[in-house]
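Asks: Below is the file model_31.pdb, with PDB, C-alpha atoms.
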```pdb
ATOM      1  CA  MET N 197     -35.047  -9.544 -76.888
ATOM      2  CA  LYS N 198     -33.883  -7.930 -73.642
ATOM      3  CA  ILE N 199     -32.040  -4.706 -74.447
ATOM      4  CA  ILE N 200     -30.299  -2.537 -71.868
ATOM      5  CA  ILE N 201     -29.690   1.094 -72.786
ATOM      6  CA  PHE N 202     -26.741   2.264 -70.729
ATOM      7  CA  GLY N 203     -26.899   6.018 -71.181
ATOM      8  CA  SER N 204     -30.443   7.248 -71.782
ATOM      9  CA  GLY N 205     -29.640  10.688 -73.175
ATOM     10  CA  GLY N 206     -30.109  11.811 -76.760
ATOM     11  CA  VAL N 207     -28.820   8.727 -78.567
ATOM     12  CA  GLY N 208     -29.828   6.031 -76.095
ATOM     13  CA  GLY N 209     -33.104   7.688 -75.191
ATOM     14  CA  TYR N 210     -34.191   8.140 -78.799
ATOM     15  CA  PHE N 211     -33.303   4.744 -80.218
ATOM     16  CA  GLY N 212     -34.195   2.933 -77.001
ATOM     17  CA  GLY N 213     -37.544   4.719 -77.047
ATOM     18  CA  ARG N 214     -38.259   3.579 -80.591
ATOM     19  CA  LEU N 215     -37.376  -0.007 -79.661
ATOM     20  CA  ALA N 216     -39.525   0.114 -76.529
ATOM     21  CA  ALA N 217     -42.458   1.599 -78.433
ATOM     22  CA  SER N 218     -42.337  -1.356 -80.846
ATOM     23  CA  GLY N 219     -42.625  -3.865 -78.006
ATOM     24  CA  GLU N 220     -39.017  -4.817 -77.283
ATOM     25  CA  ASP N 221     -38.048  -5.486 -73.660
ATOM     26  CA  VAL N 222     -35.961  -2.337 -73.150
ATOM     27  CA  HIS N 223     -34.401  -1.324 -69.839
ATOM     28  CA  PHE N 224     -33.131   2.252 -69.512
ATOM     29  CA  ILE N 225     -30.247   3.085 -67.179
ATOM     30  CA  ALA N 226     -30.535   6.694 -66.088
ATOM     31  CA  ARG N 227     -30.048   8.865 -63.029
ATOM     32  CA  GLY N 228     -31.294  11.925 -61.209
ATOM     33  CA  ALA N 229     -34.266  13.909 -62.433
ATOM     34  CA  HIS N 230     -34.281  12.108 -65.784
ATOM     35  CA  LEU N 231     -34.692   8.759 -64.046
ATOM     36  CA  ASP N 232     -37.428  10.130 -61.806
ATOM     37  CA  ALA N 233     -39.323  11.456 -64.821
ATOM     38  CA  LEU N 234     -38.998   8.175 -66.714
ATOM     39  CA  ARG N 235     -40.409   6.295 -63.751
ATOM     40  CA  SER N 236     -43.276   8.691 -63.112
ATOM     41  CA  GLY N 237     -44.354   9.716 -66.600
ATOM     42  CA  GLY N 238     -42.607   7.482 -69.085
ATOM     43  CA  LEU N 239     -40.394   8.518 -72.014
ATOM     44  CA  HIS N 240     -41.463  11.217 -74.475
ATOM     45  CA  LEU N 241     -39.860  11.509 -77.924
ATOM     46  CA  ASN N 242     -40.337  14.764 -79.820
ATOM     47  CA  SER N 243     -39.214  14.158 -83.382
ATOM     48  CA  PRO N 244     -39.881  15.291 -86.961
ATOM     49  CA  LEU N 245     -40.100  11.564 -87.712
ATOM     50  CA  GLY N 246     -43.048  11.226 -85.362
ATOM     51  CA  ASP N 247     -43.574  11.820 -81.670
ATOM     52  CA  ALA N 248     -43.923   8.938 -79.239
ATOM     53  CA  HIS N 249     -44.776   8.402 -75.598
ATOM     54  CA  VAL N 250     -43.739   5.135 -73.970
ATOM     55  CA  ASN N 251     -45.358   4.578 -70.596
ATOM     56  CA  PRO N 252     -44.577   2.702 -68.488
ATOM     57  CA  VAL N 253     -40.875   2.120 -69.150
ATOM     58  CA  HIS N 254     -38.337  -0.040 -67.355
ATOM     59  CA  ALA N 255     -35.981   2.526 -65.841
ATOM     60  CA  THR N 256     -33.390   2.099 -63.119
ATOM     61  CA  ASP N 257     -29.969   3.314 -62.052
ATOM     62  CA  THR N 258     -28.713  -0.186 -61.285
ATOM     63  CA  VAL N 259     -27.921  -2.690 -64.027
ATOM     64  CA  ALA N 260     -28.227  -5.545 -61.541
ATOM     65  CA  ASP N 261     -31.998  -4.872 -61.507
ATOM     66  CA  CYS N 262     -32.262  -5.895 -65.149
ATOM     67  CA  GLY N 263     -30.902  -9.441 -65.249
ATOM     68  CA  ILE N 264     -28.797 -10.834 -68.077
ATOM     69  CA  ALA N 265     -29.230  -8.929 -71.336
ATOM     70  CA  ASP N 266     -29.297 -10.111 -74.919
ATOM     71  CA  VAL N 267     -27.978  -6.739 -76.073
ATOM     72  CA  ILE N 268     -26.387  -3.862 -74.182
ATOM     73  CA  ILE N 269     -26.260  -0.536 -76.013
ATOM     74  CA  VAL N 270     -23.644   1.783 -74.534
ATOM     75  CA  SER N 271     -24.323   5.443 -75.298
ATOM     76  CA  VAL N 272     -22.684   7.366 -72.470
ATOM     77  CA  LYS N 273     -20.128  10.112 -72.980
ATOM     78  CA  LEU N 274     -16.687   8.778 -73.832
ATOM     79  CA  TYR N 275     -15.203   9.858 -70.512
ATOM     80  CA  ASP N 276     -17.680   7.540 -68.758
ATOM     81  CA  THR N 277     -16.836   4.404 -70.764
ATOM     82  CA  ASP N 278     -14.563   2.791 -68.180
ATOM     83  CA  ALA N 279     -17.193   3.304 -65.496
ATOM     84  CA  ALA N 280     -19.838   1.942 -67.860
ATOM     85  CA  ALA N 281     -17.813  -1.227 -68.431
ATOM     86  CA  ASP N 282     -17.735  -1.845 -64.689
ATOM     87  CA  ALA N 283     -21.417  -1.007 -64.243
ATOM     88  CA  ILE N 284     -22.796  -3.303 -66.957
ATOM     89  CA  ARG N 285     -20.869  -6.378 -65.800
ATOM     90  CA  PRO N 286     -23.817  -7.907 -63.850
ATOM     91  CA  ALA N 287     -25.886  -7.969 -67.065
ATOM     92  CA  VAL N 288     -23.266  -9.635 -69.270
ATOM     93  CA  GLY N 289     -23.850 -13.358 -69.774
ATOM     94  CA  PRO N 290     -22.201 -15.843 -72.138
ATOM     95  CA  GLY N 291     -24.364 -14.747 -75.061
ATOM     96  CA  THR N 292     -24.636 -11.026 -74.376
ATOM     97  CA  MET N 293     -23.771  -8.718 -77.277
ATOM     98  CA  ILE N 294     -22.437  -5.244 -76.474
ATOM     99  CA  VAL N 295     -22.436  -2.387 -78.965
ATOM    100  CA  SER N 296     -21.154   1.156 -78.505
ATOM    101  CA  PHE N 297     -23.035   3.936 -80.238
ATOM    102  CA  GLN N 298     -20.703   6.542 -78.772
ATOM    103  CA  ASN N 299     -18.645   9.187 -80.476
ATOM    104  CA  GLY N 300     -14.974   8.665 -81.232
ATOM    105  CA  VAL N 301     -13.097   5.422 -81.842
ATOM    106  CA  SER N 302     -12.142   4.325 -78.330
ATOM    107  CA  GLY N 303     -15.410   3.073 -76.826
ATOM    108  CA  ALA N 304     -15.423  -0.372 -78.422
ATOM    109  CA  ASP N 305     -11.761  -0.934 -77.517
ATOM    110  CA  ILE N 306     -12.447  -0.216 -73.838
ATOM    111  CA  LEU N 307     -15.445  -2.553 -73.824
ATOM    112  CA  SER N 308     -13.482  -5.265 -75.642
ATOM    113  CA  LYS N 309     -10.686  -5.127 -73.081
ATOM    114  CA  ALA N 310     -13.258  -5.497 -70.326
ATOM    115  CA  PHE N 311     -15.315  -8.359 -71.797
ATOM    116  CA  GLY N 312     -13.411  -9.819 -74.735
ATOM    117  CA  ARG N 313     -13.753  -8.951 -78.392
ATOM    118  CA  GLU N 314     -16.244 -11.774 -78.883
ATOM    119  CA  HIS N 315     -18.877  -9.914 -76.850
ATOM    120  CA  VAL N 316     -18.507  -6.602 -78.705
ATOM    121  CA  ILE N 317     -19.619  -5.536 -82.169
ATOM    122  CA  GLY N 318     -18.936  -2.236 -83.863
ATOM    123  CA  GLY N 319     -21.562   0.457 -84.107
ATOM    124  CA  THR N 320     -22.119   4.039 -85.113
ATOM    125  CA  SER N 321     -25.083   6.411 -84.983
ATOM    126  CA  SER N 322     -25.993   9.637 -86.723
ATOM    127  CA  ILE N 323     -28.568  11.787 -84.966
ATOM    128  CA  ALA N 324     -28.980  15.201 -83.389
ATOM    129  CA  ALA N 325     -30.862  14.563 -80.153
ATOM    130  CA  ARG N 326     -30.694  15.678 -76.541
ATOM    131  CA  ILE N 327     -32.591  15.601 -73.269
ATOM    132  CA  GLU N 328     -34.915  18.588 -73.674
ATOM    133  CA  LYS N 329     -36.138  18.156 -70.106
ATOM    134  CA  PRO N 330     -36.223  15.165 -67.762
ATOM    135  CA  GLY N 331     -38.135  12.358 -69.422
ATOM    136  CA  THR N 332     -38.200  14.033 -72.849
ATOM    137  CA  ILE N 333     -35.840  13.522 -75.799
ATOM    138  CA  GLU N 334     -35.798  16.205 -78.480
ATOM    139  CA  HIS N 335     -34.735  15.040 -81.942
ATOM    140  CA  THR N 336     -33.682  17.787 -84.360
ATOM    141  CA  GLY N 337     -33.827  17.180 -88.114
ATOM    142  CA  LYS N 338     -34.704  13.928 -89.853
ATOM    143  CA  MET N 339     -31.337  12.198 -89.605
ATOM    144  CA  ALA N 340     -31.575   9.204 -87.254
ATOM    145  CA  THR N 341     -29.551   6.211 -88.395
ATOM    146  CA  LEU N 342     -27.723   3.256 -86.886
ATOM    147  CA  ALA N 343     -25.114   1.008 -88.466
ATOM    148  CA  PHE N 344     -23.504  -1.973 -86.794
ATOM    149  CA  GLY N 345     -21.758  -5.217 -87.596
ATOM    150  CA  GLU N 346     -19.258  -7.877 -86.653
ATOM    151  CA  TRP N 347     -15.619  -6.805 -86.844
ATOM    152  CA  GLY N 348     -14.894  -9.459 -89.458
ATOM    153  CA  GLY N 349     -17.845  -8.434 -91.590
ATOM    154  CA  GLU N 350     -19.739 -11.709 -91.338
ATOM    155  CA  LEU N 351     -23.516 -11.898 -90.957
ATOM    156  CA  THR N 352     -24.453 -13.565 -87.674
ATOM    157  CA  PRO N 353     -27.765 -14.453 -86.003
ATOM    158  CA  ARG N 354     -27.141 -11.926 -83.224
ATOM    159  CA  THR N 355     -26.567  -8.977 -85.539
ATOM    160  CA  GLN N 356     -29.517 -10.040 -87.710
ATOM    161  CA  ALA N 357     -31.730 -10.180 -84.607
ATOM    162  CA  LEU N 358     -30.752  -6.630 -83.633
ATOM    163  CA  LEU N 359     -31.331  -5.430 -87.184
ATOM    164  CA  ASP N 360     -34.767  -7.048 -87.255
ATOM    165  CA  ALA N 361     -35.684  -5.362 -83.963
ATOM    166  CA  CYS N 362     -34.525  -1.975 -85.257
ATOM    167  CA  LEU N 363     -36.406  -2.286 -88.540
ATOM    168  CA  LYS N 364     -39.541  -3.376 -86.710
ATOM    169  CA  ALA N 365     -39.207  -0.198 -84.622
ATOM    170  CA  GLY N 366     -38.978   1.960 -87.736
ATOM    171  CA  ILE N 367     -35.302   2.762 -87.188
ATOM    172  CA  ASP N 368     -33.151   3.401 -90.262
ATOM    173  CA  ALA N 369     -30.587   0.700 -89.470
ATOM    174  CA  THR N 370     -28.107  -1.224 -91.579
ATOM    175  CA  LEU N 371     -25.729  -4.124 -91.110
ATOM    176  CA  SER N 372     -22.232  -3.283 -92.295
ATOM    177  CA  ASP N 373     -19.512  -5.637 -93.455
ATOM    178  CA  HIS N 374     -16.946  -2.831 -92.990
ATOM    179  CA  ILE N 375     -18.025  -1.352 -89.668
ATOM    180  CA  ASP N 376     -14.543  -0.125 -88.737
ATOM    181  CA  ALA N 377     -14.516   2.075 -91.846
ATOM    182  CA  LEU N 378     -17.940   3.516 -90.948
ATOM    183  CA  ILE N 379     -16.809   4.273 -87.394
ATOM    184  CA  TRP N 380     -13.748   6.101 -88.687
ATOM    185  CA  SER N 381     -15.760   7.908 -91.354
ATOM    186  CA  LYS N 382     -17.979   9.326 -88.629
ATOM    187  CA  PHE N 383     -14.982  10.123 -86.439
ATOM    188  CA  ILE N 384     -13.335  12.062 -89.258
ATOM    189  CA  PHE N 385     -16.437  14.220 -89.556
ATOM    190  CA  LEU N 386     -17.268  14.534 -85.875
ATOM    191  CA  ALA N 387     -13.801  15.483 -84.656
ATOM    192  CA  ALA N 388     -13.819  18.371 -87.125
ATOM    193  CA  PHE N 389     -17.489  19.292 -86.631
ATOM    194  CA  SER N 390     -17.386  19.332 -82.844
ATOM    195  CA  GLY N 391     -14.051  21.114 -82.789
ATOM    196  CA  ILE N 392     -15.015  23.939 -85.103
ATOM    197  CA  THR N 393     -18.549  24.541 -83.765
ATOM    198  CA  CYS N 394     -17.140  24.753 -80.237
ATOM    199  CA  THR N 395     -14.125  26.851 -81.188
ATOM    200  CA  TYR N 396     -16.290  29.501 -82.831
ATOM    201  CA  ARG N 397     -19.380  28.851 -80.692
ATOM    202  CA  GLN N 398     -21.515  28.843 -83.804
ATOM    203  CA  PRO N 399     -23.751  26.376 -85.626
ATOM    204  CA  ILE N 400     -22.538  25.026 -88.939
ATOM    205  CA  GLY N 401     -24.386  27.525 -91.160
ATOM    206  CA  PRO N 402     -22.224  30.619 -90.601
ATOM    207  CA  ILE N 403     -19.085  28.478 -90.383
ATOM    208  CA  ARG N 404     -19.465  26.897 -93.805
ATOM    209  CA  GLU N 405     -20.284  30.277 -95.359
ATOM    210  CA  ASP N 406     -17.046  31.837 -94.073
ATOM    211  CA  SER N 407     -14.142  30.967 -96.382
ATOM    212  CA  GLU N 408     -11.469  30.889 -93.655
ATOM    213  CA  LYS N 409     -13.559  28.802 -91.262
ATOM    214  CA  ARG N 410     -14.579  26.486 -94.085
ATOM    215  CA  ALA N 411     -10.926  25.963 -95.024
ATOM    216  CA  LEU N 412     -10.055  25.189 -91.392
ATOM    217  CA  PHE N 413     -12.895  22.667 -91.221
ATOM    218  CA  ARG N 414     -11.682  20.930 -94.389
ATOM    219  CA  SER N 415      -8.115  20.841 -93.061
ATOM    220  CA  ALA N 416      -9.363  19.164 -89.885
ATOM    221  CA  LEU N 417     -11.142  16.535 -91.984
ATOM    222  CA  GLU N 418      -8.026  15.936 -94.064
ATOM    223  CA  GLU N 419      -5.826  15.492 -91.000
ATOM    224  CA  THR N 420      -7.993  12.788 -89.482
ATOM    225  CA  TYR N 421      -8.439  11.107 -92.859
ATOM    226  CA  ALA N 422      -4.651  10.897 -93.221
ATOM    227  CA  ILE N 423      -4.405   9.278 -89.806
ATOM    228  CA  ALA N 424      -7.098   6.728 -90.623
ATOM    229  CA  ARG N 425      -5.340   5.736 -93.834
ATOM    230  CA  ALA N 426      -2.010   5.495 -92.013
ATOM    231  CA  ARG N 427      -3.676   3.134 -89.508
ATOM    232  CA  GLY N 428      -4.828   0.897 -92.344
ATOM    233  CA  VAL N 429      -8.510   1.827 -92.366
ATOM    234  CA  ASP N 430     -10.004   1.159 -95.804
ATOM    235  CA  LEU N 431     -11.632   4.440 -96.796
ATOM    236  CA  PRO N 432     -12.591   5.851-100.209
ATOM    237  CA  GLY N 433     -10.272   8.418-101.740
ATOM    238  CA  ASP N 434     -13.054  10.997-102.067
ATOM    239  CA  LEU N 435     -14.255  10.743 -98.463
ATOM    240  CA  VAL N 436     -13.273  14.306 -97.522
ATOM    241  CA  ASP N 437     -15.193  15.689-100.499
ATOM    242  CA  LYS N 438     -18.203  13.600 -99.485
ATOM    243  CA  ARG N 439     -17.979  14.825 -95.887
ATOM    244  CA  MET N 440     -17.902  18.424 -97.143
ATOM    245  CA  ALA N 441     -20.954  17.792 -99.317
ATOM    246  CA  PHE N 442     -22.701  16.158 -96.347
ATOM    247  CA  THR N 443     -21.898  19.202 -94.215
ATOM    248  CA  ASP N 444     -23.315  21.531 -96.852
ATOM    249  CA  GLY N 445     -26.595  19.630 -96.670
ATOM    250  CA  LEU N 446     -27.005  19.966 -92.901
ATOM    251  CA  PRO N 447     -29.514  22.416 -91.425
ATOM    252  CA  ALA N 448     -27.789  25.766 -90.914
ATOM    253  CA  GLU N 449     -28.756  25.785 -87.249
ATOM    254  CA  MET N 450     -27.212  22.392 -86.510
ATOM    255  CA  SER N 451     -24.361  22.211 -84.019
ATOM    256  CA  SER N 452     -22.529  19.404 -82.273
ATOM    257  CA  SER N 453     -23.464  17.704 -79.024
ATOM    258  CA  MET N 454     -20.143  18.926 -77.657
ATOM    259  CA  TYR N 455     -21.231  22.481 -78.441
ATOM    260  CA  HIS N 456     -24.342  21.943 -76.301
ATOM    261  CA  ASP N 457     -22.127  20.601 -73.515
ATOM    262  CA  LEU N 458     -19.831  23.619 -73.817
ATOM    263  CA  ALA N 459     -22.744  26.043 -73.673
ATOM    264  CA  ALA N 460     -24.093  24.253 -70.600
ATOM    265  CA  GLY N 461     -20.733  24.317 -68.824
ATOM    266  CA  LYS N 462     -20.450  20.527 -68.892
ATOM    267  CA  ARG N 463     -17.384  18.365 -69.326
ATOM    268  CA  LEU N 464     -16.293  17.956 -72.952
ATOM    269  CA  GLU N 465     -15.329  14.896 -74.993
ATOM    270  CA  LEU N 466     -12.443  16.937 -76.406
ATOM    271  CA  PRO N 467      -9.641  14.522 -75.372
ATOM    272  CA  TRP N 468     -11.393  11.657 -77.208
ATOM    273  CA  LEU N 469     -12.158  13.679 -80.356
ATOM    274  CA  SER N 470      -9.742  16.412 -81.461
ATOM    275  CA  GLY N 471      -7.383  15.415 -78.655
ATOM    276  CA  ALA N 472      -7.292  11.836 -79.921
ATOM    277  CA  VAL N 473      -6.528  13.056 -83.449
ATOM    278  CA  VAL N 474      -3.574  15.065 -82.151
ATOM    279  CA  ASP N 475      -2.327  12.081 -80.147
ATOM    280  CA  PHE N 476      -2.630   9.761 -83.140
ATOM    281  CA  GLY N 477      -0.802  12.339 -85.233
ATOM    282  CA  HIS N 478       2.100  12.491 -82.803
ATOM    283  CA  ALA N 479       2.378   8.702 -82.786
ATOM    284  CA  LEU N 480       2.332   8.522 -86.599
ATOM    285  CA  SER N 481       4.405  11.682 -87.281
ATOM    286  CA  ILE N 482       1.444  13.301 -89.044
ATOM    287  CA  ASP N 483       0.954  17.032 -88.504
ATOM    288  CA  THR N 484      -2.484  18.064 -87.206
ATOM    289  CA  PRO N 485      -2.410  21.870 -86.904
ATOM    290  CA  ALA N 486      -6.167  22.368 -87.400
ATOM    291  CA  GLN N 487      -7.087  19.856 -84.732
ATOM    292  CA  GLN N 488      -4.356  21.270 -82.495
ATOM    293  CA  THR N 489      -6.036  24.674 -82.838
ATOM    294  CA  PHE N 490      -9.286  23.190 -81.522
ATOM    295  CA  VAL N 491      -7.493  21.495 -78.632
ATOM    296  CA  ASP N 492      -5.606  24.637 -77.636
ATOM    297  CA  THR N 493      -8.702  26.829 -77.828
ATOM    298  CA  LEU N 494     -10.984  24.475 -75.921
ATOM    299  CA  ALA N 495      -8.596  22.983 -73.358
ATOM    300  CA  PRO N 496      -9.537  25.584 -70.680
ATOM    301  CA  PHE N 497     -13.156  24.376 -70.894
ATOM    302  CA  ALA N 498     -12.573  20.634 -71.205
ATOM    303  CA  GLU N 499     -13.470  19.882 -67.585
ATOM    304  CA  GLY N 500     -16.618  22.014 -67.651
ATOM    305  CA  ASN N 501     -17.840  25.415 -66.559
ATOM    306  CA  GLY N 502     -17.293  26.781 -70.071
TER     307      GLY N 502
END
```
Go ahead and render the structure in this file as structure tokens.

Replies:
Amino acid sequence: MKIIIFGSGGVGGYFGGRLAASGEDVHFIARGAHLDALRSGGLHLNSPLGDAHVNPVHATDTVADCGIADVIIVSVKLYDTDAAADAIRPAVGPGTMIVSFQNGVSGADILSKAFGREHVIGGTSSIAARIEKPGTIEHTGKMATLAFGEWGGELTPRTQALLDACLKAGIDATLSDHIDALIWSKFIFLAAFSGITCTYRQPIGPIREDSEKRALFRSALEETYAIARARGVDLPGDLVDKRMAFTDGLPAEMSSSMYHDLAAGKRLELPWLSGAVVDFGHALSIDTPAQQTFVDTLAPFAEGNG
């Protein structure tokens, strides 16, 4: 199976590395010093689930070098999705399957508009990983899961083939017959988690122990949950309670990828996370004061140099 990883940072680098280590034909799209390091020394994974070093790796900055792919995994930042859709076009053939393992809920829609819904399946990932240094992915904690599936919930040979490849690579992966609900479940958590860790510039530990911050976090969850239900997403009634329990089980030092971007002065995914919640709320006449607080606080840093 030829797999192109478009976006070889924390998510793409980690899961692509596991697939490559198991023998899949994986091609990494990267740039700059990270690309140079991949070409010269291979890909290093530092993980509590087991370190790995894949060398050599197929790494390039040009999708046209890769040929037609069986699967394209898109894992760039949300603000790069339109550019990604243009860039991957040379690798998309009649049978190519595209899956977004990005944050938010907009990535798959952008890819579907570019290539047709028939080429795109839904996907979601849960992992704390980042580029520690060029050529090296650091995975924090033991959470590293993928879920994906057809929009209609049916089992197909192409999704089964991707699942088989993931399981062979030791990846905790599942096929979902309600992938839209899983994507929104993650979005509900992530919009609140990224917003509050960035607003207070703290990891989750001290936030969940502070009663006022904890209440704000829960309110942010509830706002996005209300929007999802209003949009017809089939979610359990106790989802917010489950998301709070999940948060309480996270390592105290854990923070969001957007927090790392903020600390590094990089562009933020704010408009596609808390900003998207606020926009959805306006369209549906649902108040989102908690998410609006995150947007107002972080707007000055959204373009970087935070």

Asks: Could you list the residues chosen by the PyMOL selection byres ((chain N and resi 457) around 12) in this structure as a PyMOL selection string?

Replies: chain N and resi 273+326-327+390+393-394+397+451-456+458-466+497-502

Asks: Which is closer to Ala216 of chain N than all the others in N:His249, N:Arg313, N:Arg235, N:Arg414, using all atoms listed in the file?

Replies: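 Looking at the shortest contact to Ala216 of chain N, the residue is N:His249.
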
Asks: Up to 9 Å from (-28.6, 16.1, -89.5) in the file's coordinates: name the residues, counting only C-alpha atoms, as a list in words.

Replies: Ser322, Ile323, Ala324, Thr336, Gly337, Lys338, Met339, Ala340, Thr443, Gly445, Leu446, Pro447 and Met450 of chain N

Asks: Quick one: residues within 10 Å of Thr258 of chain N, all atoms listed in the file counted, chain neighbours fewer than 6 positions away excluded, as an MDAnalysis selection string?

Replies: chainID N and resid 202 224:227 283:284 286

Asks: Could those residues be written to a file, using C-alpha atoms, as a compact mmCIF listing (two decimals), keeping the file's coordinate frame?

Replies:
```txt
# COMPACT_ATOMS: atom_id res chain seq x y z
CA PHE N 202 -26.74 2.26 -70.73
CA PHE N 224 -33.13 2.25 -69.51
CA ILE N 225 -30.25 3.08 -67.18
CA ALA N 226 -30.54 6.69 -66.09
CA ARG N 227 -30.05 8.86 -63.03
CA ALA N 283 -21.42 -1.01 -64.24
CA ILE N 284 -22.80 -3.30 -66.96
CA PRO N 286 -23.82 -7.91 -63.85
```

Asks: Please expand the PyMOL selection byres ((chain N and resi 334) around 7) into the concrete residues it hits in this file, giving the result as a PyMOL selection string.

Replies: chain N and resi 241-243+325-328+332-333+335-336

Asks: Hey, which of N:Lys329, N:Asp305, N:Gly289, N:Asp247 ends up closest to Gly206 of chain N? Count all atoms listed in the file.

Replies: N:Lys329

Asks: Run through the PyMOL selection byres ((chain N and resi 269) around 8) on the given coordinates and return the selected residues as number ranges by chain.

Replies: N: 199-202, 208, 267-268, 270-271, 294-297

Asks: Point out the residue among N:Pro399, N:Gly319, N:Gly366, N:Gly228 with the least atom-to-atom distance to Phe344 of chain N, counting all atoms listed in the file.

Replies: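 Result for the nearest residue to Phe344 of chain N: N:Gly319.
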
Asks: Between atom CA of Tyr396 of chain N and atom CA of Asp475 of chain N, what is the distance, to one decimal in Å?

Replies: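 If I compute the distance from atom CA of Tyr396 of chain N to atom CA of Asp475 of chain N, I get 22.5 Å.
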
Asks: Show me, as a list in words, the residues that have an atom within 7 Å of Leu274 of chain N when counting all atoms listed in the file, minus same-chain residues fewer than 3 positions from it.

Replies: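 Returned residues: Thr277, Gln298, Asn299, Gly303, Glu465 and Trp468 of chain N.
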
Asks: Store the residues of this selection in a file with C-alpha atoms, as a short mmCIF file (atom, residue, chain, number, x, y, z; two decimals), keeping the file's coordinate frame.

Replies:
```cif
data_model
loop_
_atom_site.label_atom_id
_atom_site.label_comp_id
_atom_site.auth_asym_id
_atom_site.auth_seq_id
_atom_site.Cartn_x
_atom_site.Cartn_y
_atom_site.Cartn_z
CA THR N 277 -16.84 4.40 -70.76
CA GLN N 298 -20.70 6.54 -78.77
CA ASN N 299 -18.64 9.19 -80.48
CA GLY N 303 -15.41 3.07 -76.83
CA GLU N 465 -15.33 14.90 -74.99
CA TRP N 468 -11.39 11.66 -77.21
#
```

Asks: Using only C-alpha atoms, pick whichever of N:His315, N:Arg214, N:Lys198, N:His478 has the shortest atom-to-atom distance to Cys362 of chain N.

Replies: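 That would be N:Arg214, the residue with the smallest distance to Cys362 of chain N.
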
Asks: Determine, counting all atoms listed in the file, which protein, DNA and RNA residues have an atom within 8 Å of an atom of Ala281 of chain N; residues of the same chain fewer than 3 positions away are not included. Present the result as a PDB file with C-alpha atoms, keeping the file's coordinate frame.

Replies:
```
ATOM      1  CA  THR N 277     -16.836   4.404 -70.764  1.00  0.00           C
ATOM      2  CA  ASP N 278     -14.563   2.791 -68.180  1.00  0.00           C
ATOM      3  CA  ILE N 284     -22.796  -3.303 -66.957  1.00  0.00           C
ATOM      4  CA  ARG N 285     -20.869  -6.378 -65.800  1.00  0.00           C
ATOM      5  CA  ILE N 306     -12.447  -0.216 -73.838  1.00  0.00           C
ATOM      6  CA  LEU N 307     -15.445  -2.553 -73.824  1.00  0.00           C
ATOM      7  CA  ALA N 310     -13.258  -5.497 -70.326  1.00  0.00           C
TER       8      ALA N 310
END
```

Asks: Residues at most 7 Å from segment 434-440 of chain N, counting only C-alpha atoms, excluding those fewer than 4 positions away in the same chain, as number ranges by chain?

Replies: N: 385, 417-418, 444

Asks: Could you please determine the separation between atom CA of Thr256 of chain N and atom CA of Pro330 of chain N in Å, to one decimal place?

Replies: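 Atom CA of Pro330 of chain N lies at a distance of 14.2 Å from atom CA of Thr256 of chain N.
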
Asks: Which is closest to Tyr275 of chain N among N:Gly433, N:Pro485, N:Pro467, N:Gly203, if we use only C-alpha atoms?

Replies: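 Among N:Gly433, N:Pro485, N:Pro467, N:Gly203, it is N:Pro467 that comes nearest to Tyr275 of chain N.
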